[in-house]
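Source file: upload-v3.txt. Holds: compact mmCIF, C-alpha atoms.
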```
# COMPACT_ATOMS: atom_id res chain seq x y z
CA MET A 11 0.00 0.00 0.00
CA GLY A 12 1.55 3.27 -1.14
CA LEU A 13 1.47 6.69 0.45
CA ASN A 14 -1.51 8.92 -0.27
CA ARG A 15 -1.59 12.68 -0.66
CA LEU A 16 -2.14 13.27 3.04
CA ASP A 17 0.96 11.20 3.86
CA PHE A 18 3.06 13.20 1.43
CA ALA A 19 1.64 16.46 2.79
CA ILE A 20 2.61 15.48 6.36
CA ILE A 21 6.13 14.51 5.27
CA ALA A 22 6.54 17.73 3.28
CA ALA A 23 5.25 19.85 6.18
CA TYR A 24 7.66 18.13 8.55
CA LEU A 25 10.69 18.60 6.31
CA ILE A 26 9.86 22.24 5.58
CA GLY A 27 9.03 22.95 9.21
CA ILE A 28 12.24 21.51 10.65
CA THR A 29 14.28 23.35 8.04
CA LEU A 30 12.58 26.67 8.80
CA PHE A 31 13.05 26.01 12.50
CA GLY A 32 16.78 25.75 11.92
CA LEU A 33 16.86 28.88 9.78
CA ARG A 34 15.34 31.01 12.55
CA PHE A 35 18.54 30.64 14.60
CA ARG A 36 20.82 32.18 11.98
CA LYS A 37 20.44 35.79 13.10
CA ARG A 38 21.53 34.87 16.61
CA GLN A 39 24.84 33.42 15.47
CA ARG A 40 27.74 35.82 15.69
CA THR A 41 30.50 33.64 17.15
CA LEU A 42 31.57 29.99 17.26
CA ARG A 43 30.06 29.87 20.74
CA ASP A 44 26.67 30.69 19.20
CA TYR A 45 27.10 28.33 16.25
CA PHE A 46 28.34 25.21 18.05
CA LEU A 47 27.08 25.73 21.62
CA ALA A 48 23.90 27.79 21.06
CA GLY A 49 25.45 30.55 23.17
CA ARG A 50 25.28 28.25 26.21
CA ASP A 51 22.00 29.81 27.25
CA ILE A 52 19.57 26.98 26.50
CA PRO A 53 17.77 25.19 29.38
CA TRP A 54 18.93 21.86 30.83
CA TRP A 55 15.94 19.95 29.48
CA ALA A 56 16.74 21.06 25.94
CA ILE A 57 20.33 19.85 26.39
CA SER A 58 19.05 16.51 27.69
CA LEU A 59 16.75 16.06 24.70
CA SER A 60 19.59 17.07 22.39
CA ILE A 61 21.90 14.39 23.84
CA VAL A 62 19.23 11.69 23.43
CA ALA A 63 18.45 12.87 19.88
CA ALA A 64 22.15 12.87 18.98
CA GLU A 65 22.52 9.19 19.85
CA THR A 66 19.16 8.11 18.43
CA SER A 67 19.17 7.32 14.74
CA THR A 68 17.22 5.18 12.32
CA LEU A 69 19.50 2.34 13.35
CA THR A 70 18.10 2.61 16.86
CA ILE A 71 14.43 3.02 15.95
CA ILE A 72 14.06 0.58 13.07
CA SER A 73 17.07 -1.68 12.65
CA ILE A 74 17.45 -2.87 16.25
CA PRO A 75 13.80 -3.99 16.74
CA GLY A 76 13.90 -5.76 13.38
CA LEU A 77 17.17 -7.50 14.16
CA ALA A 78 15.94 -8.50 17.62
CA TYR A 79 12.81 -10.00 16.08
CA ASP A 80 14.89 -11.87 13.53
CA THR A 81 17.51 -13.13 16.02
CA ASN A 82 17.55 -12.50 19.78
CA LEU A 83 17.81 -9.83 22.47
CA THR A 84 21.57 -9.35 22.24
CA PHE A 85 21.10 -5.62 21.72
CA LEU A 86 19.69 -5.32 25.23
CA GLN A 87 23.37 -5.11 26.21
CA VAL A 88 23.59 -1.84 24.29
CA VAL A 89 20.67 -0.35 26.22
CA LEU A 90 22.23 -1.35 29.55
CA GLY A 91 25.50 0.15 28.36
CA TYR A 92 23.73 3.42 27.55
CA VAL A 93 22.38 3.60 31.11
CA ALA A 94 25.82 3.01 32.64
CA GLY A 95 27.41 5.40 30.16
CA ARG A 96 25.07 8.24 31.09
CA PHE A 97 26.10 8.00 34.73
CA ILE A 98 29.79 8.07 33.76
CA ILE A 99 29.26 11.06 31.49
CA SER A 100 27.18 12.96 34.05
CA PHE A 101 29.46 12.51 37.05
CA VAL A 102 32.94 12.05 35.54
CA LEU A 103 33.21 13.91 32.24
CA LEU A 104 30.61 16.71 32.09
CA PRO A 105 31.75 18.52 35.28
CA HIS A 106 35.25 18.90 33.80
CA TYR A 107 33.78 19.94 30.46
CA PHE A 108 31.69 22.76 31.92
CA ARG A 109 34.39 24.15 34.18
CA GLY A 110 36.00 25.79 31.17
CA ASP A 111 34.65 27.43 28.05
CA LEU A 112 35.16 24.30 25.96
CA TYR A 113 33.71 23.77 22.48
CA THR A 114 34.83 20.17 21.93
CA ALA A 115 35.66 17.36 24.32
CA TYR A 116 39.17 17.25 22.88
CA GLU A 117 39.98 20.63 24.38
CA LEU A 118 39.82 18.84 27.71
CA ILE A 119 42.54 16.50 26.44
CA GLU A 120 44.75 19.48 25.56
CA LYS A 121 44.27 21.10 28.95
CA ARG A 122 45.28 17.88 30.67
CA PHE A 123 47.92 16.40 28.35
CA GLY A 124 48.86 18.89 25.63
CA PRO A 125 48.10 19.80 22.00
CA ASN A 126 49.72 16.78 20.35
CA LEU A 127 47.45 14.25 22.03
CA ARG A 128 44.47 16.48 21.30
CA SER A 129 45.25 16.34 17.58
CA LEU A 130 45.78 12.57 17.72
CA THR A 131 42.48 11.86 19.49
CA SER A 132 40.43 14.27 17.39
CA GLY A 133 41.93 12.87 14.18
CA LEU A 134 41.01 9.33 15.20
CA PHE A 135 37.50 10.53 16.05
CA LEU A 136 37.05 12.24 12.67
CA LEU A 137 38.02 9.13 10.70
CA THR A 138 35.87 6.62 12.56
CA ARG A 139 32.85 8.88 13.14
CA ALA A 140 32.68 9.75 9.46
CA ALA A 141 32.86 6.08 8.45
CA ALA A 142 30.15 5.10 10.94
CA GLU A 143 27.86 7.97 9.91
CA GLY A 144 28.16 7.01 6.25
CA VAL A 145 26.54 3.68 7.12
CA ARG A 146 23.85 5.45 9.16
CA VAL A 147 22.97 7.72 6.23
CA TYR A 148 22.56 4.61 4.09
CA ALA A 149 20.26 3.12 6.73
CA VAL A 150 18.04 6.21 6.69
CA SER A 151 17.94 6.12 2.89
CA ILE A 152 16.44 2.63 2.96
CA VAL A 153 13.45 3.90 4.96
CA VAL A 154 13.03 7.03 2.85
CA SER A 155 13.30 5.02 -0.35
CA ILE A 156 10.53 2.66 0.75
CA ALA A 157 8.29 5.47 2.06
CA LEU A 158 8.65 7.87 -0.86
CA GLY A 159 9.36 5.41 -3.66
CA THR A 160 12.61 7.14 -4.57
CA GLY A 161 15.79 5.26 -5.36
CA GLU A 162 18.40 4.81 -2.64
CA VAL A 163 20.86 7.25 -4.25
CA ALA A 164 18.17 9.93 -4.52
CA SER A 165 17.12 9.23 -0.92
CA ILE A 166 20.71 9.64 0.31
CA ALA A 167 20.92 12.96 -1.54
CA ILE A 168 17.62 14.20 -0.07
CA ILE A 169 18.56 13.27 3.48
CA THR A 170 22.04 14.77 3.28
CA LEU A 171 20.86 18.01 1.64
CA LEU A 172 18.00 18.71 4.05
CA THR A 173 20.08 17.88 7.10
CA LEU A 174 22.89 20.05 5.76
CA ILE A 175 20.54 23.02 5.37
CA TYR A 176 19.30 23.14 8.94
CA THR A 177 22.65 22.10 10.45
CA PHE A 178 24.40 24.75 8.34
CA GLU A 179 22.01 27.35 9.75
CA GLY A 180 22.09 26.00 13.30
CA GLY A 181 19.07 23.60 13.54
CA LEU A 182 17.25 13.91 11.06
CA ALA A 183 15.11 16.16 13.79
CA ALA A 184 13.94 12.68 14.52
CA ALA A 185 15.33 10.54 11.68
CA MET A 186 18.13 12.97 10.88
CA SER A 187 19.11 14.01 14.41
CA ASN A 188 22.08 11.67 14.52
CA LEU A 189 23.33 12.93 11.16
CA SER A 190 22.91 16.55 12.24
CA ALA A 191 24.87 15.89 15.43
CA ALA A 192 27.55 14.16 13.37
CA LEU A 193 27.91 17.11 10.99
CA ASN A 194 28.11 19.49 13.93
CA SER A 195 30.71 17.46 15.82
CA LEU A 196 32.81 16.72 12.74
CA SER A 197 32.92 20.36 11.65
CA SER A 198 33.56 21.69 15.16
CA SER A 199 36.38 19.22 15.74
CA THR A 200 37.91 20.02 12.35
CA ILE A 201 37.96 23.76 12.96
CA LEU A 202 38.63 23.91 16.68
CA ASP A 203 40.86 20.90 17.25
CA LEU A 204 42.89 21.02 14.04
CA PHE A 205 42.64 24.27 12.04
CA LEU A 206 42.71 26.80 14.88
CA ARG A 207 45.62 25.04 16.53
CA PHE A 208 47.78 26.23 13.62
CA ARG A 209 45.86 29.46 12.88
CA PRO A 210 44.78 30.76 16.30
CA GLN A 211 44.89 34.36 15.10
CA THR A 212 41.93 33.82 12.73
CA ASP A 213 39.21 36.42 13.41
CA GLU A 214 35.70 35.42 14.52
CA ARG A 215 34.00 36.22 11.22
CA ARG A 216 36.39 34.01 9.26
CA ARG A 217 35.98 31.26 11.84
CA MET A 218 32.23 31.26 11.23
CA VAL A 219 32.73 31.07 7.46
CA LEU A 220 35.20 28.21 7.79
CA SER A 221 32.89 26.35 10.18
CA ARG A 222 30.04 26.47 7.69
CA PHE A 223 32.40 25.42 4.90
CA ALA A 224 33.55 22.46 7.03
CA THR A 225 29.91 21.47 7.58
CA VAL A 226 29.33 21.39 3.81
CA ALA A 227 32.56 19.47 3.21
CA TRP A 228 31.68 16.80 5.77
CA ALA A 229 28.18 16.48 4.31
CA ILE A 230 29.78 15.65 0.96
CA VAL A 231 32.07 13.12 2.65
CA LEU A 232 29.16 11.40 4.42
CA PHE A 233 27.15 11.36 1.18
CA SER A 234 30.06 9.65 -0.57
CA LEU A 235 30.55 7.11 2.23
CA ALA A 236 26.82 6.32 2.19
CA LEU A 237 27.05 5.59 -1.53
CA LEU A 238 29.96 3.23 -0.86
CA SER A 239 27.79 1.42 1.70
CA LEU A 240 25.07 0.58 -0.82
CA HIS A 241 24.33 -3.16 -0.83
CA ARG A 242 27.53 -3.92 1.07
CA ALA A 243 26.54 -3.41 4.68
CA GLY A 244 24.47 -6.49 5.55
CA HIS A 245 22.89 -5.65 8.91
CA VAL A 246 23.58 -1.92 8.78
CA VAL A 247 23.02 -1.48 12.49
CA GLU A 248 25.82 -3.90 13.32
CA VAL A 249 28.20 -2.44 10.76
CA GLY A 250 27.60 1.14 11.91
CA LEU A 251 28.06 0.36 15.58
CA GLN A 252 31.04 -1.90 14.93
CA ILE A 253 32.90 0.90 13.13
CA ALA A 254 32.22 3.30 16.00
CA SER A 255 33.27 0.71 18.58
CA ILE A 256 36.68 0.26 16.98
CA SER A 257 37.92 3.60 18.31
CA TYR A 258 35.57 4.70 21.08
CA GLY A 259 37.20 2.47 23.70
CA ALA A 260 40.61 4.02 23.06
CA LEU A 261 39.19 7.54 23.17
CA LEU A 262 37.21 6.91 26.36
CA GLY A 263 40.30 5.41 27.97
CA VAL A 264 42.27 8.60 27.31
CA PHE A 265 39.51 10.74 28.82
CA LEU A 266 39.44 8.57 31.94
CA LEU A 267 43.22 8.81 32.22
CA GLY A 268 42.84 12.57 32.15
CA VAL A 269 40.12 12.90 34.79
CA LEU A 270 40.71 9.95 37.14
CA THR A 271 44.46 10.09 37.74
CA ARG A 272 47.20 12.71 37.86
CA ARG A 273 49.94 10.20 37.18
CA ALA A 274 49.14 9.84 33.50
CA THR A 275 51.44 11.75 31.13
CA GLU A 276 50.92 12.81 27.52
CA LEU A 277 53.32 10.20 26.14
CA GLY A 278 51.95 7.47 28.39
CA ALA A 279 48.34 8.29 27.42
CA ALA A 280 49.31 8.28 23.72
CA ILE A 281 50.93 4.86 24.08
CA GLY A 282 47.87 3.58 25.91
CA MET A 283 45.50 4.94 23.26
CA LEU A 284 47.42 3.35 20.40
CA CYS A 285 47.55 0.02 22.24
CA GLY A 286 43.85 0.19 23.04
CA PHE A 287 43.03 0.98 19.41
CA ALA A 288 45.22 -1.92 18.25
CA VAL A 289 43.38 -4.25 20.64
CA GLU A 290 40.01 -3.16 19.23
CA VAL A 291 41.18 -3.66 15.64
CA TYR A 292 42.42 -7.13 16.63
CA LEU A 293 39.05 -7.95 18.21
CA TRP A 294 37.33 -6.79 15.03
CA LYS A 295 39.50 -8.67 12.56
CA PHE A 296 40.69 -11.83 14.29
CA THR A 297 38.30 -12.82 17.08
CA SER A 298 34.66 -13.71 17.61
CA VAL A 299 34.28 -11.45 20.65
CA PRO A 300 30.92 -9.62 20.29
CA TRP A 301 31.31 -6.00 19.24
CA THR A 302 29.22 -4.93 22.24
CA TRP A 303 32.29 -5.61 24.41
CA TRP A 304 34.92 -3.92 22.24
CA VAL A 305 34.55 -0.50 23.87
CA ALA A 306 34.80 -1.91 27.41
CA ILE A 307 37.87 -3.97 26.53
CA GLY A 308 39.52 -1.13 24.61
CA THR A 309 38.84 1.33 27.44
CA ALA A 310 40.32 -1.00 30.06
CA GLY A 311 43.36 -1.71 27.88
CA THR A 312 43.97 1.96 27.14
CA PHE A 313 43.69 2.95 30.79
CA ALA A 314 45.89 0.11 32.08
CA VAL A 315 48.63 0.50 29.47
CA GLY A 316 48.53 4.30 29.60
CA LEU A 317 48.84 4.45 33.37
CA SER A 318 51.57 1.80 33.44
CA ALA A 319 53.55 3.48 30.66
CA SER A 320 53.23 6.85 32.38
CA CYS A 321 54.54 5.45 35.68
CA VAL A 322 57.45 3.62 34.01
CA LEU A 323 58.47 6.61 31.88
CA HIS A 324 58.15 9.04 34.79
CA SER A 325 60.22 6.77 37.02
CA HIS A 326 62.86 6.44 34.30
CA VAL A 327 63.10 10.20 33.88
CA LYS A 328 63.46 10.74 37.64
CA ARG A 329 66.28 8.17 37.88
CA ARG A 330 68.17 9.46 34.83
CA PRO A 331 71.57 10.92 35.89
CA GLY A 332 71.94 14.65 35.53
CA PRO A 333 74.77 16.44 33.64
CA ALA A 334 76.80 16.89 36.83
CA GLU A 335 76.82 13.15 37.43
```
Take the structure in the file and give it back as structure tokens.
Amino acid sequence: MGLNRLDFAIIAAYLIGITLFGLRFRKRQRTLRDYFLAGRDIPWWAISLSIVAAETSTLTIISIPGLAYDTNLTFLQVVLGYVAGRFIISFVLLPHYFRGDLYTAYELIEKRFGPNLRSLTSGLFLLTRAAAEGVRVYAVSIVVSIALGTGEVASIAIITLLTLIYTFEGGLAAAMSNLSAALNSLSSSTILDLFLRFRPQTDERRRMVLSRFATVAWAIVLFSLALLSLHRAGHVVEVGLQIASISYGALLGVFLLGVLTRRATELGAAIGMLCGFAVEVYLWKFTSVPWTWWVAIGTAGTFAVGLSASCVLHSHVKRRPGPAE
């Protein structure tokens, strides 16, 4: 049974409405603080809804129930992990994040360890987040293609373009929320963690222009990655979450090293992160360990190796003979 005119009218009204809603914020944006952080003057409940929307995609709403019906309740582990993760974020990471005027989480890494590790962690995030979001865009296109009768390529283009418009102006939305959050985080990390590290003297107006340009560039990248995912992904929910899980354990381990112990050093944390990432790649390629445990294992490995390496290197430096000896 196809969609009737009322269905199409509702879909059109929704897409136009959410786009116009995003456009209304443009006049308020004068700085990067306005563009990426909404001026930090929005209420707590709006932030809470934004966090939930950012992690809720078509993979969550459609793919997981379908896969559970077809197989088992393995994905219940993911839900339990989300609950535990929210407590960790609320009590361990967010207090440190809001103590300073931070735009990205990787600024916290620089304040604790230094600029080199910030660039390393943000670069790893950009690569894996983009790959994972390309699969998510493909997943959304399947639903849009079935609902509207468009081809998958056309559906990918529609989704990417509409999300780009309201993200570009500061405003997926339900089905596109995850993609919008991805575009925002990818562009903010590109400008703030990489570009401005080498061009800190860039004025605010040029920063805004470059941020919008980065948003467009990443939209093109995600569109291309979604095209590469066509008919290759199998269970798209598993592929998308697997790609994200390959690096998130290593990144989380570095954050925990930064906030839970003062013994960790920049070099030790970098060694731990690379080891944790290598462990996750090994789990992905050469073992049958479920992907739902990759992040936990990678986090534990990163933290243990990073702390141990920091202690060993620090002890070695303290025992090294001075010039007079």
Open item on the list: With all atoms listed in the file as the counted atoms, please give the residues lying no more than 10 Å from Leu251 in chain A, apart from itself and same-chain residues fewer than 6 positions off, as a list of chain:residue names.
Closed with: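 Everything that qualifies: A:Leu69, A:Ala142, A:Glu143, A:Val145, A:Arg146, A:Trp301, A:Thr302.
The spacing separating CA of Thr312 in chain A from CA of Gly133 in chain A amounts to 17.1 Å.
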- [ ] Please measure the separation of CA of Val226 in chain A and CA of Phe178 in chain A, giving the value in Å to one decimal.
- [x]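 Going from CA of Val226 in chain A over to CA of Phe178 in chain A covers 7.5 Å.
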Task: Among listed residues A:Thr309, A:Gln252, A:Thr297, A:Ser132, nearest Val88 in chain A (using all atoms listed in the file) - done: A:Gln252
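Closest approach to Ile166 in chain A among A:Ser239, A:Thr271, A:Ser320, A:Ser198 is made by A:Ser239 (distances from all atoms listed in the file).
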Task: Who sits within 8 Å of range 199-201 of chain A, all atoms listed in the file, same chain under 4 positions skipped, as number ranges by chain - done: A: 114, 116, 132, 136, 195, 205-206, 217, 220-221, 224
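Note that the spacing between CA of Ala319 in chain A and CA of Ala280 in chain A amounts to 9.4 Å.
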Task: Local residues around (43.2, 5.9, 21.0), at most 7 Å away, using all atoms listed in the file, as an MDAnalysis selection string - done: chainID A and resid 131 257 260:261 264 283:284 286:287
